[in-house]
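Step one of this worksheet: look at the structure below.
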Amino acid sequence: MEDLVAVILAYKAGLVFLWLLFLFVLERVFPAAPLMNGGGWFEKYFPVRVRRNIGLWFCNLILSPLVVIPLTAWATAHIVGWRPEFLSGSVGFIFDLILLDCLIYWWHRLNHEVPFLWRFHEIHHLDMNLDTTSALRFHFGEVLLSAFMRVFVVIIFDISLISIIIFEIILLIATLFHHSNVRLPDMFEKALSLVIITPAIHWIHHHALRHDTDSNYGTVFSFWDKIFRSKSARQRTVGMPIGVEGAQDKALLQLLTRPFKRKKP
């Protein structure tokens, strides 16, 4: 098992990076909606908002080996050990993936419904245009809170390290995909949306209208929003404003400090 974990970890970063690069190029060749880019080659591919998103991502890359990975490893070494025999092997693995995605749905929903959590999650939503780099844009405070939440989930639900690693790969691939600005054939996207979250579904979640922002919480599977009645009936349109209702995006330093400032009444 340790050898399998080592192999997956060795290929994880490369696989996710190649998927990111593929979508990053594809959405600029076949965009679903115009991106707010400046003139020139560099500004076309790396405008200010993209550089800002990458800056937030680098903050979290530093946290990963220092906090996130050690916390996860510690949690998997202290699991309760309640699992019955039938939840082992491939059945247990599938159970873990479905359970983790359901728990991510609820954690995401809490990030919108609990004001303290929204302070950090709002940084992700302040992006006023969507592409693959939006999937990298999270405040380090949210990453830390998610890491501590995962400790309790892993211990209580007796989730193995291999399940967590594979789910994280699936989660990253899915998140990059549904934040992307890739133009997909309508019939193909509709077919995908029956099972997984697609860009058209998730873009409603980033609509700069709070009623829509507080909907479509799913990350991998699309059926959670139907089951828990949080699916928006709105359809994506090309001119749909993206961001937080009544707010504008900020500079990188302002984004990092914004959750810690007192909100004006």
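Residue names in the structure tokens use chain letters A, B, ... in the order shown, residue numbers from 1 in each chain, and ligand numbers from 1 in the order shown.
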
Original post:
Which parts of stretch 15-212 of chain A does DSSP call strand (DSSP E or B) when run on the backbone here, written out as a list of chain:residue names?
Top reply: A:Pro31, A:Val182, A:Ile196, A:His207

Those same residues - C-alpha atoms - I'd like them written as a PDB file, in the first residue's frame.
ATOM      1  CA  PRO A  31     -13.595  30.395 -25.218  1.00  0.00           C
ATOM      2  CA  VAL A 182     -13.820  26.120 -22.617  1.00  0.00           C
ATOM      3  CA  ILE A 196     -20.787  15.689 -13.132  1.00  0.00           C
ATOM      4  CA  HIS A 207     -23.053  34.741 -11.048  1.00  0.00           C
TER       5      HIS A 207
END

Original post:
How would you write, as number ranges by chain, the set of residues in stretch 79-170 of chain A that DSSP gives as alpha helix (DSSP H)?
Top reply: A: 89-113, 115-125, 140-157, 161-170

Subject >> Pick from A:Val50, A:Ala174, A:Phe86, A:Arg236 nearest to A:Ile204, counting only C-alpha atoms >> reply: A:Arg236

If you take only C-alpha atoms and a cut-off of 12 Å, which residues of stretch 4-105 of chain A touch stretch 253-260 of chain A, and what are their nearest atom pairs and distances in Å to one decimal, in chain and number order, as JSON lines?
{"residue": "A:Arg49", "atom": "CA", "partner": "A:Leu255", "partner_atom": "CA", "distance": 11.9}
{"residue": "A:Arg52", "atom": "CA", "partner": "A:Leu255", "partner_atom": "CA", "distance": 9.3}
{"residue": "A:Asn53", "atom": "CA", "partner": "A:Leu255", "partner_atom": "CA", "distance": 10.3}
{"residue": "A:Gly55", "atom": "CA", "partner": "A:Leu253", "partner_atom": "CA", "distance": 9.8}
{"residue": "A:Leu56", "atom": "CA", "partner": "A:Leu256", "partner_atom": "CA", "distance": 8.1}
{"residue": "A:Trp57", "atom": "CA", "partner": "A:Leu256", "partner_atom": "CA", "distance": 11.6}
{"residue": "A:Cys59", "atom": "CA", "partner": "A:Leu256", "partner_atom": "CA", "distance": 9.7}
{"residue": "A:Asn60", "atom": "CA", "partner": "A:Leu256", "partner_atom": "CA", "distance": 11.6}

Residues of stretch 189-259 of chain A within 9 Å of stretch 88-109 of chain A: nearest atom pair and distance (Å, one decimal) for each, counting only C-alpha atoms, sorted by chain and number, as JSON lines?
{"residue": "A:Asp214", "atom": "CA", "partner": "A:Arg109", "partner_atom": "CA", "distance": 7.7}
{"residue": "A:Ser215", "atom": "CA", "partner": "A:Arg109", "partner_atom": "CA", "distance": 8.3}
{"residue": "A:Tyr217", "atom": "CA", "partner": "A:Tyr105", "partner_atom": "CA", "distance": 5.8}
{"residue": "A:Gly218", "atom": "CA", "partner": "A:Tyr105", "partner_atom": "CA", "distance": 5.3}
{"residue": "A:Thr219", "atom": "CA", "partner": "A:Tyr105", "partner_atom": "CA", "distance": 6.6}
{"residue": "A:Val220", "atom": "CA", "partner": "A:Asp101", "partner_atom": "CA", "distance": 6.6}
{"residue": "A:Phe221", "atom": "CA", "partner": "A:Asp101", "partner_atom": "CA", "distance": 7.3}
{"residue": "A:Trp224", "atom": "CA", "partner": "A:Cys102", "partner_atom": "CA", "distance": 7.0}
{"residue": "A:Asp225", "atom": "CA", "partner": "A:Tyr105", "partner_atom": "CA", "distance": 8.4}

Keeping only N, CA and C atoms, write those residues as a short mmCIF file (atom, residue, chain, number, x, y, z; two decimals), in the first residue's frame.
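Saved to out08.cif:
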data_model
loop_
_atom_site.label_atom_id
_atom_site.label_comp_id
_atom_site.auth_asym_id
_atom_site.auth_seq_id
_atom_site.Cartn_x
_atom_site.Cartn_y
_atom_site.Cartn_z
N ASP A 214 -25.51 31.48 -4.03
CA ASP A 214 -25.87 30.52 -2.99
C ASP A 214 -26.67 29.35 -3.58
N SER A 215 -26.14 28.76 -4.63
CA SER A 215 -26.76 27.59 -5.25
C SER A 215 -25.66 26.82 -5.99
N TYR A 217 -23.81 24.02 -5.42
CA TYR A 217 -22.63 23.83 -4.58
C TYR A 217 -21.80 22.61 -4.95
N GLY A 218 -22.29 21.76 -5.82
CA GLY A 218 -21.61 20.51 -6.14
C GLY A 218 -20.21 20.72 -6.68
N THR A 219 -19.35 19.74 -6.46
CA THR A 219 -17.96 19.82 -6.92
C THR A 219 -17.65 18.77 -7.98
N VAL A 220 -17.94 17.52 -7.71
CA VAL A 220 -17.69 16.45 -8.69
C VAL A 220 -19.02 16.00 -9.29
N PHE A 221 -19.87 15.41 -8.45
CA PHE A 221 -21.16 14.89 -8.93
C PHE A 221 -22.23 15.98 -8.90
N TRP A 224 -25.99 16.06 -6.08
CA TRP A 224 -26.18 16.54 -4.71
C TRP A 224 -27.08 17.76 -4.66
N ASP A 225 -26.93 18.68 -5.61
CA ASP A 225 -27.77 19.88 -5.60
C ASP A 225 -29.23 19.54 -5.85
#

Original post:
Using only C-alpha atoms, which of the listed residues (A:Leu130, A:Ile69, A:Leu194, A:Ala233) sits closest to A:Leu35?
Top reply: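 Among A:Leu130, A:Ile69, A:Leu194, A:Ala233, it is A:Leu130 that comes nearest to A:Leu35.
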
Got a sec: who's within 8 Å of A:His124, counting only C-alpha atoms, leaving out chain neighbours fewer than 3 positions off, as a PDB file with all heavy atoms, in the first residue's frame?
ATOM      1  N   PHE A 120     -13.625  34.159   4.188  1.00  0.00           N
ATOM      2  CA  PHE A 120     -12.484  33.581   3.473  1.00  0.00           C
ATOM      3  C   PHE A 120     -12.891  33.094   2.080  1.00  0.00           C
ATOM      4  O   PHE A 120     -12.162  33.294   1.107  1.00  0.00           O
ATOM      5  CB  PHE A 120     -11.890  32.431   4.289  1.00  0.00           C
ATOM      6  CG  PHE A 120     -11.342  32.859   5.614  1.00  0.00           C
ATOM      7  CD1 PHE A 120     -12.109  32.781   6.777  1.00  0.00           C
ATOM      8  CD2 PHE A 120     -10.052  33.370   5.717  1.00  0.00           C
ATOM      9  CE1 PHE A 120     -11.607  33.196   7.994  1.00  0.00           C
ATOM     10  CE2 PHE A 120      -9.532  33.786   6.938  1.00  0.00           C
ATOM     11  CZ  PHE A 120     -10.309  33.701   8.080  1.00  0.00           C
ATOM     12  N   HIS A 121     -14.056  32.472   1.987  1.00  0.00           N
ATOM     13  CA  HIS A 121     -14.496  31.921   0.693  1.00  0.00           C
ATOM     14  C   HIS A 121     -14.842  33.020  -0.304  1.00  0.00           C
ATOM     15  O   HIS A 121     -14.756  32.815  -1.519  1.00  0.00           O
ATOM     16  CB  HIS A 121     -15.695  31.002   0.906  1.00  0.00           C
ATOM     17  CG  HIS A 121     -16.081  30.235  -0.311  1.00  0.00           C
ATOM     18  ND1 HIS A 121     -15.219  29.365  -0.959  1.00  0.00           N
ATOM     19  CD2 HIS A 121     -17.247  30.211  -1.039  1.00  0.00           C
ATOM     20  CE1 HIS A 121     -15.824  28.830  -2.004  1.00  0.00           C
ATOM     21  NE2 HIS A 121     -17.050  29.334  -2.081  1.00  0.00           N
ATOM     22  N   ASP A 127     -13.331  37.028  -7.961  1.00  0.00           N
ATOM     23  CA  ASP A 127     -12.839  36.980  -9.336  1.00  0.00           C
ATOM     24  C   ASP A 127     -13.986  37.356 -10.271  1.00  0.00           C
ATOM     25  O   ASP A 127     -15.056  36.745 -10.225  1.00  0.00           O
ATOM     26  CB  ASP A 127     -12.330  35.574  -9.660  1.00  0.00           C
ATOM     27  CG  ASP A 127     -11.419  35.544 -10.872  1.00  0.00           C
ATOM     28  OD1 ASP A 127     -11.351  36.560 -11.583  1.00  0.00           O
ATOM     29  OD2 ASP A 127     -10.782  34.507 -11.109  1.00  0.00           O
ATOM     30  N   SER A 134      -9.116  30.443 -11.913  1.00  0.00           N
ATOM     31  CA  SER A 134     -10.070  30.715 -10.834  1.00  0.00           C
ATOM     32  C   SER A 134     -10.149  29.530  -9.876  1.00  0.00           C
ATOM     33  O   SER A 134     -10.451  29.698  -8.691  1.00  0.00           O
ATOM     34  CB  SER A 134     -11.459  31.000 -11.409  1.00  0.00           C
ATOM     35  OG  SER A 134     -11.433  32.072 -12.321  1.00  0.00           O
ATOM     36  N   ARG A 137      -7.694  29.882  -7.033  1.00  0.00           N
ATOM     37  CA  ARG A 137      -7.823  31.114  -6.258  1.00  0.00           C
ATOM     38  C   ARG A 137      -8.589  30.876  -4.957  1.00  0.00           C
ATOM     39  O   ARG A 137      -9.810  30.982  -4.902  1.00  0.00           O
ATOM     40  CB  ARG A 137      -8.523  32.157  -7.128  1.00  0.00           C
ATOM     41  CG  ARG A 137      -8.811  33.493  -6.427  1.00  0.00           C
ATOM     42  CD  ARG A 137      -9.758  34.309  -7.291  1.00  0.00           C
ATOM     43  NE  ARG A 137     -10.246  35.453  -6.569  1.00  0.00           N
ATOM     44  CZ  ARG A 137      -9.980  36.717  -6.897  1.00  0.00           C
ATOM     45  NH1 ARG A 137      -9.259  36.999  -7.951  1.00  0.00           N
ATOM     46  NH2 ARG A 137     -10.479  37.707  -6.182  1.00  0.00           N
ATOM     47  N   PHE A 138      -7.867  30.559  -3.904  1.00  0.00           N
ATOM     48  CA  PHE A 138      -8.475  30.393  -2.591  1.00  0.00           C
ATOM     49  C   PHE A 138      -7.599  31.060  -1.539  1.00  0.00           C
ATOM     50  O   PHE A 138      -6.363  30.998  -1.617  1.00  0.00           O
ATOM     51  CB  PHE A 138      -8.661  28.909  -2.248  1.00  0.00           C
ATOM     52  CG  PHE A 138      -9.737  28.237  -3.062  1.00  0.00           C
ATOM     53  CD1 PHE A 138      -9.415  27.564  -4.229  1.00  0.00           C
ATOM     54  CD2 PHE A 138     -11.056  28.298  -2.666  1.00  0.00           C
ATOM     55  CE1 PHE A 138     -10.402  26.949  -4.991  1.00  0.00           C
ATOM     56  CE2 PHE A 138     -12.054  27.688  -3.417  1.00  0.00           C
ATOM     57  CZ  PHE A 138     -11.728  27.016  -4.587  1.00  0.00           C
ATOM     58  N   HIS A 139      -8.221  31.683  -0.571  1.00  0.00           N
ATOM     59  CA  HIS A 139      -7.481  32.318   0.515  1.00  0.00           C
ATOM     60  C   HIS A 139      -6.832  31.243   1.387  1.00  0.00           C
ATOM     61  O   HIS A 139      -7.417  30.185   1.620  1.00  0.00           O
ATOM     62  CB  HIS A 139      -8.426  33.179   1.353  1.00  0.00           C
ATOM     63  CG  HIS A 139      -7.726  34.094   2.294  1.00  0.00           C
ATOM     64  ND1 HIS A 139      -7.289  33.687   3.541  1.00  0.00           N
ATOM     65  CD2 HIS A 139      -7.359  35.399   2.176  1.00  0.00           C
ATOM     66  CE1 HIS A 139      -6.696  34.706   4.158  1.00  0.00           C
ATOM     67  NE2 HIS A 139      -6.732  35.756   3.354  1.00  0.00           N
TER      68      HIS A 139
END

**OP:** Just the residues within 10 Å of stretch 243-247 of chain A, please, counting only C-alpha atoms, with nothing from its chain fewer than 4 positions along; format it as a PyMOL selection string.
**Re:** chain A and resi 122-130+205-211+213

Prev. selection, N, CA, C and O atoms, output as a PDB file, in the first residue's frame:
ATOM      1  N   GLU A 122     -15.217  34.188   0.200  1.00  0.00           N
ATOM      2  CA  GLU A 122     -15.550  35.317  -0.674  1.00  0.00           C
ATOM      3  C   GLU A 122     -14.387  35.672  -1.605  1.00  0.00           C
ATOM      4  O   GLU A 122     -14.596  36.120  -2.735  1.00  0.00           O
ATOM      5  N   ILE A 123     -13.162  35.451  -1.142  1.00  0.00           N
ATOM      6  CA  ILE A 123     -11.980  35.780  -1.944  1.00  0.00           C
ATOM      7  C   ILE A 123     -12.000  34.998  -3.259  1.00  0.00           C
ATOM      8  O   ILE A 123     -11.627  35.514  -4.316  1.00  0.00           O
ATOM      9  N   HIS A 124     -12.462  33.775  -3.208  1.00  0.00           N
ATOM     10  CA  HIS A 124     -12.594  32.957  -4.416  1.00  0.00           C
ATOM     11  C   HIS A 124     -13.639  33.553  -5.359  1.00  0.00           C
ATOM     12  O   HIS A 124     -13.439  33.592  -6.579  1.00  0.00           O
ATOM     13  N   HIS A 125     -14.721  34.055  -4.804  1.00  0.00           N
ATOM     14  CA  HIS A 125     -15.827  34.560  -5.623  1.00  0.00           C
ATOM     15  C   HIS A 125     -15.604  35.982  -6.134  1.00  0.00           C
ATOM     16  O   HIS A 125     -16.325  36.419  -7.046  1.00  0.00           O
ATOM     17  N   LEU A 126     -14.656  36.704  -5.596  1.00  0.00           N
ATOM     18  CA  LEU A 126     -14.421  38.075  -6.047  1.00  0.00           C
ATOM     19  C   LEU A 126     -13.806  38.142  -7.448  1.00  0.00           C
ATOM     20  O   LEU A 126     -13.773  39.207  -8.055  1.00  0.00           O
ATOM     21  N   ASP A 127     -13.331  37.028  -7.961  1.00  0.00           N
ATOM     22  CA  ASP A 127     -12.839  36.980  -9.336  1.00  0.00           C
ATOM     23  C   ASP A 127     -13.986  37.356 -10.271  1.00  0.00           C
ATOM     24  O   ASP A 127     -15.056  36.745 -10.225  1.00  0.00           O
ATOM     25  N   MET A 128     -13.756  38.345 -11.132  1.00  0.00           N
ATOM     26  CA  MET A 128     -14.837  38.862 -11.972  1.00  0.00           C
ATOM     27  C   MET A 128     -14.850  38.254 -13.371  1.00  0.00           C
ATOM     28  O   MET A 128     -15.568  38.715 -14.257  1.00  0.00           O
ATOM     29  N   ASN A 129     -14.067  37.238 -13.576  1.00  0.00           N
ATOM     30  CA  ASN A 129     -14.094  36.469 -14.810  1.00  0.00           C
ATOM     31  C   ASN A 129     -13.631  35.070 -14.456  1.00  0.00           C
ATOM     32  O   ASN A 129     -12.860  34.900 -13.513  1.00  0.00           O
ATOM     33  N   LEU A 130     -14.099  34.083 -15.172  1.00  0.00           N
ATOM     34  CA  LEU A 130     -13.762  32.706 -14.833  1.00  0.00           C
ATOM     35  C   LEU A 130     -12.900  32.056 -15.897  1.00  0.00           C
ATOM     36  O   LEU A 130     -13.178  32.166 -17.087  1.00  0.00           O
ATOM     37  N   HIS A 205     -23.099  29.447 -10.258  1.00  0.00           N
ATOM     38  CA  HIS A 205     -22.636  29.608  -8.873  1.00  0.00           C
ATOM     39  C   HIS A 205     -21.781  30.868  -8.718  1.00  0.00           C
ATOM     40  O   HIS A 205     -21.728  31.449  -7.632  1.00  0.00           O
ATOM     41  N   HIS A 206     -21.115  31.288  -9.780  1.00  0.00           N
ATOM     42  CA  HIS A 206     -20.275  32.489  -9.741  1.00  0.00           C
ATOM     43  C   HIS A 206     -20.983  33.713 -10.290  1.00  0.00           C
ATOM     44  O   HIS A 206     -20.363  34.766 -10.447  1.00  0.00           O
ATOM     45  N   HIS A 207     -22.272  33.597 -10.595  1.00  0.00           N
ATOM     46  CA  HIS A 207     -23.053  34.741 -11.048  1.00  0.00           C
ATOM     47  C   HIS A 207     -23.062  35.799  -9.939  1.00  0.00           C
ATOM     48  O   HIS A 207     -23.262  35.480  -8.772  1.00  0.00           O
ATOM     49  N   ALA A 208     -22.854  37.071 -10.324  1.00  0.00           N
ATOM     50  CA  ALA A 208     -22.800  38.155  -9.340  1.00  0.00           C
ATOM     51  C   ALA A 208     -24.199  38.558  -8.880  1.00  0.00           C
ATOM     52  O   ALA A 208     -24.590  39.730  -8.923  1.00  0.00           O
ATOM     53  N   LEU A 209     -24.944  37.584  -8.463  1.00  0.00           N
ATOM     54  CA  LEU A 209     -26.273  37.748  -7.891  1.00  0.00           C
ATOM     55  C   LEU A 209     -26.341  36.755  -6.737  1.00  0.00           C
ATOM     56  O   LEU A 209     -26.232  35.548  -6.953  1.00  0.00           O
ATOM     57  N   ARG A 210     -26.494  37.234  -5.532  1.00  0.00           N
ATOM     58  CA  ARG A 210     -26.308  36.382  -4.354  1.00  0.00           C
ATOM     59  C   ARG A 210     -27.226  35.163  -4.361  1.00  0.00           C
ATOM     60  O   ARG A 210     -26.836  34.077  -3.917  1.00  0.00           O
ATOM     61  N   HIS A 211     -28.426  35.318  -4.886  1.00  0.00           N
ATOM     62  CA  HIS A 211     -29.346  34.177  -4.931  1.00  0.00           C
ATOM     63  C   HIS A 211     -28.750  33.024  -5.728  1.00  0.00           C
ATOM     64  O   HIS A 211     -28.916  31.848  -5.363  1.00  0.00           O
ATOM     65  N   THR A 213     -25.378  32.781  -6.430  1.00  0.00           N
ATOM     66  CA  THR A 213     -24.124  32.417  -5.775  1.00  0.00           C
ATOM     67  C   THR A 213     -24.372  31.356  -4.705  1.00  0.00           C
ATOM     68  O   THR A 213     -23.567  30.448  -4.519  1.00  0.00           O
TER      69      THR A 213
END

**OP:** Tell me which of A:Leu15, A:Met149, A:Ala200, A:Val195 sits closest to A:Arg183, counting only C-alpha atoms.
**Re:**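 Of A:Leu15, A:Met149, A:Ala200, A:Val195, the one nearest A:Arg183, counting only C-alpha atoms, is A:Ala200.
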
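Proximity of A:Val67, A:Phe24, A:Tyr11, A:Leu87 to A:Val143, computed with only C-alpha atoms, is greatest for A:Val67.
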
Original post:
Neighbours of A:Ala77 within 12 Å (only C-alpha atoms; same-chain residues fewer than 4 positions away dropped), as a list in words?
Top reply: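 Counting only the stated atoms, we get Pro70, Leu71, Thr72, Ala73, Gly81, Val151, Val154, Ile155, Asp158, Ile159, Ser160 and Leu161 of chain A.
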
Those same residues - C-alpha atoms - I'd like them written as a compact mmCIF listing (two decimals), in the first residue's frame.
# COMPACT_ATOMS: atom_id res chain seq x y z
CA PRO A 70 1.12 16.43 7.67
CA LEU A 71 -2.38 16.99 9.10
CA THR A 72 -3.92 14.53 6.64
CA ALA A 73 -1.24 11.92 7.31
CA GLY A 81 -11.37 1.80 12.93
CA VAL A 151 -8.91 15.81 10.05
CA VAL A 154 -10.97 11.29 8.12
CA ILE A 155 -10.98 10.15 11.74
CA ASP A 158 -12.37 5.97 8.92
CA ILE A 159 -11.11 7.06 5.49
CA SER A 160 -7.84 5.64 4.17
CA LEU A 161 -4.95 7.73 2.86

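Comparing A:Leu252, A:Ile197, A:Leu63, A:Trp74 by their smallest distance to A:Glu142, the closest is A:Leu63 (using only C-alpha atoms).
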